[in-house]
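Listing of final-v9.cif, mmCIF, C-alpha atoms
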data_data
loop_
_atom_site.label_atom_id
_atom_site.label_comp_id
_atom_site.auth_asym_id
_atom_site.auth_seq_id
_atom_site.Cartn_x
_atom_site.Cartn_y
_atom_site.Cartn_z
CA MET A 128 16.19 -26.50 -15.15
CA TYR A 129 15.44 -24.78 -11.83
CA SER A 130 17.68 -21.82 -12.69
CA GLY A 131 15.66 -21.10 -15.83
CA PHE A 132 12.45 -21.46 -13.88
CA SER A 133 13.60 -19.08 -11.12
CA TYR A 134 14.66 -16.48 -13.72
CA ALA A 135 11.26 -16.78 -15.41
CA LEU A 136 9.57 -16.48 -12.01
CA THR A 137 11.60 -13.37 -11.12
CA LEU A 138 10.72 -11.78 -14.46
CA ALA A 139 7.03 -12.65 -14.13
CA SER A 140 6.88 -11.38 -10.54
CA LEU A 141 8.56 -8.08 -11.47
CA LEU A 142 6.15 -7.62 -14.38
CA VAL A 143 3.05 -8.33 -12.28
CA ILE A 144 4.26 -6.13 -9.41
CA VAL A 145 5.03 -3.22 -11.76
CA VAL A 146 1.62 -3.53 -13.44
CA LEU A 147 -0.15 -3.62 -10.05
CA PHE A 148 1.99 -0.82 -8.59
CA MET A 149 1.46 1.58 -11.54
CA PRO A 150 -2.08 2.83 -10.74
CA LEU A 151 -1.09 3.47 -7.12
CA LEU A 152 2.08 5.29 -8.14
CA VAL A 153 0.40 7.42 -10.83
CA PHE A 154 -2.47 8.34 -8.52
CA THR A 155 -0.15 9.33 -5.66
CA TRP A 156 2.16 11.37 -7.84
CA GLN A 157 -0.71 13.24 -9.49
CA PHE A 158 -2.29 13.85 -6.09
CA LEU A 159 0.94 15.08 -4.49
CA GLU A 160 1.58 17.36 -7.50
CA ASN A 161 -1.88 18.83 -7.22
CA PRO A 162 -3.41 18.38 -3.75
CA ALA A 163 -6.63 19.97 -5.01
CA CYS A 164 -6.99 17.02 -7.40
CA LEU A 165 -10.24 15.96 -5.77
CA GLU A 166 -12.65 18.77 -4.99
CA ILE A 167 -16.24 18.72 -3.94
CA ALA A 168 -18.26 21.89 -4.37
CA PRO A 169 -21.95 22.83 -4.37
CA GLY A 170 -23.20 24.37 -7.58
CA GLY A 171 -26.30 25.45 -9.47
CA ASN A 172 -29.42 26.99 -7.98
CA VAL A 173 -30.81 25.94 -4.66
CA THR A 174 -34.45 25.11 -5.39
CA PRO A 175 -36.89 24.66 -2.52
CA ILE A 176 -39.06 21.54 -2.71
CA GLY A 177 -41.64 21.12 -0.01
CA ASP A 178 -41.45 22.80 3.36
CA ASP A 179 -38.03 21.87 4.61
CA TYR A 180 -36.23 20.35 1.63
CA TYR A 181 -33.99 21.89 -1.02
CA LYS A 182 -32.62 20.61 -4.30
CA PHE A 183 -29.14 21.58 -5.52
CA ASN A 184 -26.12 20.18 -7.34
CA ILE A 185 -22.84 18.93 -5.96
CA THR A 186 -19.94 18.85 -8.43
CA VAL A 187 -16.98 16.56 -7.90
CA SER A 188 -13.90 17.52 -9.88
CA TYR A 189 -11.16 14.94 -10.17
CA CYS A 190 -7.85 15.37 -11.99
CA SER A 191 -6.11 11.99 -11.95
CA SER A 192 -5.97 9.65 -14.94
CA VAL A 193 -6.46 6.68 -12.60
CA GLU A 194 -10.10 5.74 -12.14
CA LEU A 195 -11.56 5.77 -8.64
CA ARG A 196 -14.16 3.07 -7.97
CA ASN A 197 -16.81 2.57 -5.30
CA VAL A 198 -16.62 6.21 -4.27
CA ARG A 199 -18.53 7.33 -1.20
CA ILE A 200 -18.52 11.03 -0.29
CA ARG A 201 -19.88 12.32 3.00
CA VAL A 202 -20.51 16.06 3.29
CA GLY A 203 -22.11 16.71 6.66
CA ASN A 204 -25.25 14.57 6.69
CA ILE A 205 -25.29 14.17 2.92
CA THR A 206 -23.86 10.98 1.43
CA LEU A 207 -23.11 10.60 -2.27
CA GLU A 208 -22.14 7.34 -3.95
CA PHE A 209 -20.54 6.85 -7.36
CA SER A 210 -19.65 3.48 -8.88
CA SER A 211 -16.68 5.14 -10.59
CA LEU A 212 -15.07 8.54 -10.92
CA THR A 213 -12.93 9.50 -13.90
CA ARG A 214 -10.97 12.66 -14.75
CA GLY A 215 -13.21 15.71 -15.12
CA ASN A 216 -16.33 17.03 -13.45
CA THR A 217 -19.19 14.87 -12.28
CA THR A 218 -22.38 16.53 -11.10
CA ARG A 219 -25.00 14.92 -8.92
CA GLU A 220 -28.38 16.35 -7.91
CA VAL A 221 -28.92 16.30 -4.17
CA ILE A 222 -31.98 16.79 -1.98
CA ALA A 223 -31.21 17.91 1.55
CA ARG A 224 -32.91 19.41 4.58
CA GLN A 225 -32.51 23.11 5.24
CA SER A 226 -30.54 22.43 8.43
CA ASP A 227 -28.01 20.40 6.41
CA ILE A 228 -27.18 23.22 4.02
CA GLU A 229 -27.35 26.23 6.33
CA GLN A 230 -23.74 25.86 7.42
CA ALA A 231 -20.79 24.99 5.21
CA PRO A 232 -19.41 21.65 6.44
CA ARG A 233 -15.99 21.73 8.11
CA GLU A 234 -15.15 18.19 7.09
CA VAL A 235 -15.63 16.20 3.92
CA GLU A 236 -14.89 12.48 3.92
CA VAL A 237 -14.22 10.45 0.81
CA GLU A 238 -13.76 6.68 0.61
CA ALA A 239 -12.79 5.01 -2.64
CA SER A 240 -10.62 2.38 -4.20
CA ILE A 241 -7.81 3.29 -6.58
CA ALA A 242 -8.47 1.42 -9.85
CA GLY A 243 -10.65 -0.93 -7.80
CA LEU A 244 -7.55 -2.34 -6.06
CA TYR A 245 -6.39 -0.20 -3.15
CA ARG A 246 -8.67 1.31 -0.55
CA VAL A 247 -8.02 4.99 0.02
CA GLY A 248 -9.67 7.42 2.41
CA PHE A 249 -9.58 11.21 2.39
CA LYS A 250 -10.60 13.58 5.13
CA PHE A 251 -10.63 17.22 4.02
CA LYS A 252 -10.72 19.69 6.91
CA TYR A 253 -11.60 23.28 6.08
CA GLU A 254 -9.95 25.50 8.67
CA SER A 255 -11.63 28.83 7.90
CA ARG A 256 -15.20 27.56 7.90
CA GLY A 257 -17.19 28.17 11.02
CA GLY A 258 -19.13 25.39 12.69
CA MET B 160 36.96 -28.06 9.72
CA TRP B 161 37.23 -24.58 11.28
CA SER B 162 37.52 -22.95 7.88
CA ARG B 163 34.23 -24.63 6.89
CA VAL B 164 32.51 -23.37 10.05
CA ILE B 165 33.78 -19.81 9.46
CA LYS B 166 32.75 -19.96 5.79
CA ASN B 167 29.24 -21.21 6.69
CA THR B 168 28.88 -18.54 9.39
CA ILE B 169 29.90 -15.75 7.01
CA LEU B 170 27.52 -17.12 4.36
CA GLY B 171 24.73 -17.28 6.96
CA VAL B 172 25.35 -13.71 8.13
CA VAL B 173 25.31 -12.47 4.53
CA GLU B 174 22.08 -14.42 3.83
CA GLY B 175 20.45 -13.03 6.99
CA LEU B 176 21.55 -9.50 6.15
CA LEU B 177 20.14 -9.88 2.62
CA TYR B 178 16.75 -11.02 3.92
CA TYR B 179 16.73 -8.16 6.45
CA ILE B 180 17.67 -5.53 3.85
CA VAL B 181 15.15 -6.73 1.25
CA TYR B 182 12.14 -7.23 3.55
CA PHE B 183 12.70 -4.63 6.26
CA GLU B 184 14.61 -1.83 4.53
CA LEU B 185 14.32 -1.98 0.74
CA LEU B 186 10.64 -2.81 0.15
CA PRO B 187 9.31 -0.36 2.82
CA LEU B 188 11.72 2.30 1.45
CA ILE B 189 10.40 1.80 -2.10
CA PHE B 190 6.81 2.13 -0.87
CA SER B 191 7.62 5.11 1.33
CA SER B 192 9.57 7.15 -1.23
CA ALA B 193 7.37 6.31 -4.22
CA LEU B 194 4.10 7.10 -2.46
CA GLY B 195 5.23 9.90 -0.14
CA VAL B 196 3.86 8.02 2.88
CA PRO B 197 6.15 7.85 5.93
CA ILE B 198 6.87 4.30 7.11
CA GLU B 199 8.78 4.28 10.39
CA PRO B 200 9.09 0.90 12.08
CA PRO B 201 10.36 1.01 15.68
CA PRO B 202 14.21 0.81 15.90
CA LEU B 203 14.06 -1.91 18.57
CA LEU B 204 12.06 -4.12 16.17
CA ALA B 205 14.72 -3.50 13.49
CA LEU B 206 17.50 -4.73 15.79
CA LEU B 207 15.49 -7.74 16.90
CA LEU B 208 14.66 -8.73 13.32
CA LEU B 209 18.24 -8.24 12.18
CA GLY B 210 19.34 -10.66 14.91
CA VAL B 211 16.63 -13.20 14.04
CA PHE B 212 17.40 -13.07 10.29
CA ILE B 213 21.14 -13.50 10.90
CA ALA B 214 20.53 -16.36 13.34
CA LEU B 215 18.23 -18.13 10.84
CA GLY B 216 20.78 -17.55 8.07
CA VAL B 217 23.68 -18.93 10.14
CA ILE B 218 21.64 -21.98 11.22
CA SER B 219 20.45 -22.69 7.66
CA THR B 220 24.03 -22.72 6.33
CA SER B 221 25.58 -24.52 9.31
CA VAL B 222 23.24 -27.50 9.83
CA LYS B 223 22.68 -30.40 7.44
CA PRO B 224 21.29 -29.19 4.08
CA PHE B 225 17.90 -30.89 4.51
CA ILE B 226 17.36 -29.15 7.87
CA GLY B 227 18.86 -25.93 6.50
CA LEU B 228 16.02 -25.79 3.96
CA VAL B 229 13.50 -25.47 6.79
CA PHE B 230 15.35 -22.47 8.25
CA GLU B 231 15.59 -20.84 4.82
CA ALA B 232 11.85 -21.23 4.39
CA LEU B 233 11.42 -19.74 7.89
CA SER B 234 13.38 -16.64 6.81
CA SER B 235 11.05 -16.16 3.83
CA THR B 236 7.98 -16.61 6.03
CA LEU B 237 9.33 -14.09 8.53
CA GLY B 238 9.96 -11.65 5.66
CA ALA B 239 6.37 -12.04 4.49
CA LEU B 240 5.13 -11.43 8.04
CA ILE B 241 7.26 -8.26 8.31
CA LEU B 242 5.77 -6.92 5.07
CA LEU B 243 2.27 -7.53 6.38
CA VAL B 244 3.02 -5.87 9.73
CA VAL B 245 5.05 -2.88 8.49
CA ILE B 246 3.25 -1.99 5.23
CA GLY B 247 0.04 -4.01 5.57
CA GLU B 248 -1.44 -1.61 8.10
CA LYS B 249 -3.35 1.44 6.95
CA LEU B 250 -0.75 4.14 6.24
CA THR B 251 -1.70 7.78 6.73
CA THR B 252 -0.23 11.04 5.52
CA SER B 253 -1.52 14.61 5.44
CA ILE B 254 -1.16 17.45 2.95
CA GLU B 255 -1.90 21.09 3.64
CA TYR B 256 -2.89 23.46 0.84
CA GLY B 257 -4.59 26.81 1.17
CA GLU B 258 -7.01 26.52 4.06
CA VAL B 259 -7.52 22.82 3.59
CA VAL B 260 -5.84 19.97 5.46
CA ALA B 261 -6.22 16.67 3.62
CA GLU B 262 -5.61 13.45 5.53
CA ILE B 263 -5.05 10.52 3.21
CA SER B 264 -4.95 6.88 4.26
CA PHE B 265 -3.91 4.01 1.98
CA GLU B 266 -4.13 0.23 2.11
CA PHE B 267 -1.74 -1.82 -0.01
CA LYS B 268 -2.97 -5.33 0.81
CA PRO B 269 -3.51 -6.65 -2.78
CA LEU B 270 0.00 -5.65 -3.88
CA LEU B 271 1.53 -7.03 -0.68
CA LEU B 272 -0.24 -10.35 -1.10
CA VAL B 273 1.11 -10.63 -4.65
CA ILE B 274 4.67 -9.87 -3.44
CA ILE B 275 4.30 -12.41 -0.62
CA GLY B 276 2.84 -15.00 -3.01
CA PHE B 277 5.76 -14.63 -5.40
CA SER B 278 8.33 -14.76 -2.57
CA VAL B 279 6.75 -17.99 -1.28
CA LEU B 280 6.87 -19.44 -4.82
CA TYR B 281 10.48 -18.33 -5.12
CA ALA B 282 11.34 -20.00 -1.79
CA ILE B 283 9.70 -23.25 -2.96
CA VAL B 284 11.69 -23.18 -6.23
CA ARG B 285 14.90 -22.56 -4.26
CA CYS B 286 14.11 -25.53 -2.00
CA PHE B 287 13.56 -27.83 -4.99
CA LYS B 288 16.75 -26.50 -6.59
CA ARG B 289 18.76 -27.34 -3.48
CA LEU B 290 17.07 -30.73 -3.12
CA SER B 291 17.97 -31.63 -6.69
CA GLN B 292 21.57 -30.48 -6.07
CA LEU B 293 21.69 -32.70 -2.97
CA ALA B 294 20.32 -35.66 -4.91
CA GLU B 295 23.03 -35.19 -7.57
CA GLU B 296 25.79 -35.12 -4.89
#

As structure tokens - that is how I would like this structure written.
Amino acid sequence: MYSGFSYALTLASLLVIVVLFMPLLVFTWQFLENPACLEIAPGGNVTPIGDDYYKFNITVSYCSSVELRNVRIRVGNITLEFSSLTRGNTTREVIARQSDIEQAPREVEVEASIAGLYRVGFKFKYESRGG
Amino acid sequence: MWSRVIKNTILGVVEGLLYYIVYFELLPLIFSSALGVPIEPPPLLALLLLGVFIALGVISTSVKPFIGLVFEALSSTLGALILLVVIGEKLTTSIEYGEVVAEISFEFKPLLLVIIGFSVLYAIVRCFKRLSQLAEE
């Protein structure tokens, strides 16, 4: 009786572990294949609003088939939040002070969870940008 | 009598080695190679754990079966603890492409907890299996 139960348990545990491991594995492989899988770039026209504030777009391009959830992106003093990020481009309108956009940021930080399960953090350092 | 002692010792060493390989070598290796994240536990810890696993294995096969069950359960608990210490921490790797250096850090806690949960369940089933074998004898 116990032998049958332990076989069933082994099978069930393998199945659950494979299902849980898959999003992590797919995400990592796709990211290692293409390190530029997650890119954050400013786009569109920079429109002045008021004395010191400007409006522009930030586009996040993401290549993986695994959804990222609870995404928080910090570019300099600008923080963007997305409840989820799927493959493709996502554009968000941003309002920032002039001092925040005068210099290209040397670091971009991204916090997210892979398929809502595993916390992942990215820190992109741009070597050529002055600061 | 001596042949029984030697047989139990060999069985215990094999059991300890199996626990060590599965929890300290195999599972971290699977994580490390599949995810491209280096996992390097200190070599001194490896030696210490190998000794502890073998000692627990030898004790569990050498003492009376009812007491042996406790030491078997201890091996499983130690394995779970190792997983939490070695892989449960935030693991970091970095990739360089073009003029960008990307530092990536992962946390695997949910998957680890599932693995630990199943290994605890498996240990309980093994205990009941041995208890029922003892009752039949």

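Here CA of Val143 in chain A stands at a distance of 18.6 Å from CA of Gly247 in chain B.
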
Subject >> For range 147-151 of chain A: contacts at 10 Å, only C-alpha atoms, fewer than 3 positions along chain excluded, given as a PyMOL selection string >> reply: (chain A and resi 141-144+154-156+192-194+241-245) or (chain B and resi 190+193-194+265+267+269-270+273)

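Nearest residue to Val279 in chain B among A:Thr137, A:Ser211, A:Ser188, A:Ser130 is A:Thr137, counting all atoms listed in the file.
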
Subject >> Residue list for chain B near chain A as a ChimeraX atom specification, 10 Å, only C-alpha atoms >> reply: /B:190,193-196,249-271,273-274,276-278,280-289,291

Please write the residues picked by the PyMOL selection byres ((chain A and resi 223) around 6) on this file as an mmCIF file with C-alpha atoms, keeping the file's coordinate frame.
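File selection23.cif, as written:
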data_model
loop_
_atom_site.group_PDB
_atom_site.id
_atom_site.type_symbol
_atom_site.label_atom_id
_atom_site.label_comp_id
_atom_site.auth_asym_id
_atom_site.auth_seq_id
_atom_site.Cartn_x
_atom_site.Cartn_y
_atom_site.Cartn_z
ATOM 1 C CA TYR A 180 -36.230 20.350 1.630
ATOM 2 C CA TYR A 181 -33.990 21.890 -1.020
ATOM 3 C CA ILE A 222 -31.980 16.790 -1.980
ATOM 4 C CA ARG A 224 -32.910 19.410 4.580
#

**OP:** List the residues matched by the PyMOL selection byres ((chain B and resi 173) around 12) in the displayed structure as an NGL selection string, ordered by chain and then by residue number.
**Re:** :B and (166-172 or 174-180 or 209 or 212-217 or 219-220)

Residues as selected, C-alpha atoms, written as a short mmCIF file (atom, residue, chain, number, x, y, z; two decimals), in the coordinates of the input, can you do that?
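Contents of result-v3.cif, as written:
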data_model
loop_
_atom_site.label_atom_id
_atom_site.label_comp_id
_atom_site.auth_asym_id
_atom_site.auth_seq_id
_atom_site.Cartn_x
_atom_site.Cartn_y
_atom_site.Cartn_z
CA LYS B 166 32.75 -19.96 5.79
CA ASN B 167 29.24 -21.21 6.69
CA THR B 168 28.88 -18.54 9.39
CA ILE B 169 29.90 -15.75 7.01
CA LEU B 170 27.52 -17.12 4.36
CA GLY B 171 24.73 -17.28 6.96
CA VAL B 172 25.35 -13.71 8.13
CA GLU B 174 22.08 -14.42 3.83
CA GLY B 175 20.45 -13.03 6.99
CA LEU B 176 21.55 -9.50 6.15
CA LEU B 177 20.14 -9.88 2.62
CA TYR B 178 16.75 -11.02 3.92
CA TYR B 179 16.73 -8.16 6.45
CA ILE B 180 17.67 -5.53 3.85
CA LEU B 209 18.24 -8.24 12.18
CA PHE B 212 17.40 -13.07 10.29
CA ILE B 213 21.14 -13.50 10.90
CA ALA B 214 20.53 -16.36 13.34
CA LEU B 215 18.23 -18.13 10.84
CA GLY B 216 20.78 -17.55 8.07
CA VAL B 217 23.68 -18.93 10.14
CA SER B 219 20.45 -22.69 7.66
CA THR B 220 24.03 -22.72 6.33
#

Original post:
What's the 12 Å shell around Glu220 in chain A, counting only C-alpha atoms, without same-chain residues fewer than 2 positions away, as an NGL selection string?
Top reply: :A and (169-174 or 181-187 or 205-208 or 217-218 or 222-223)

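Comparing the minimum interatomic distances between Ala294 in chain B and each of B:Leu243, B:Ser162, B:Phe225, B:Phe183, counting all atoms listed in the file, we find that B:Phe225 sits nearest.
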
**OP:** For Ser191 in chain A, please output as JSON, numbers by chain all residues within 7 Å (counting all atoms listed in the file; exclusion window: fewer than 5 positions along the same chain).
**Re:** {"A": [154, 157, 164, 214]}

Original post:
CA of Val229 in chain B and CA of Pro200 in chain B, how far apart in Å?
Top reply: 27.3 Å

Subject >> Selection result of the PyMOL selection byres ((chain B and resi 242) around 9) on this file, as a ChimeraX atom specification >> reply: /B:182-183,186-187,237-241,243-247,271,275

**OP:** Could you jot down the CA of Asn197 in chain A to CA of Ala239 in chain A separation for me, Å, one decimal place?
**Re:** 5.4 Å
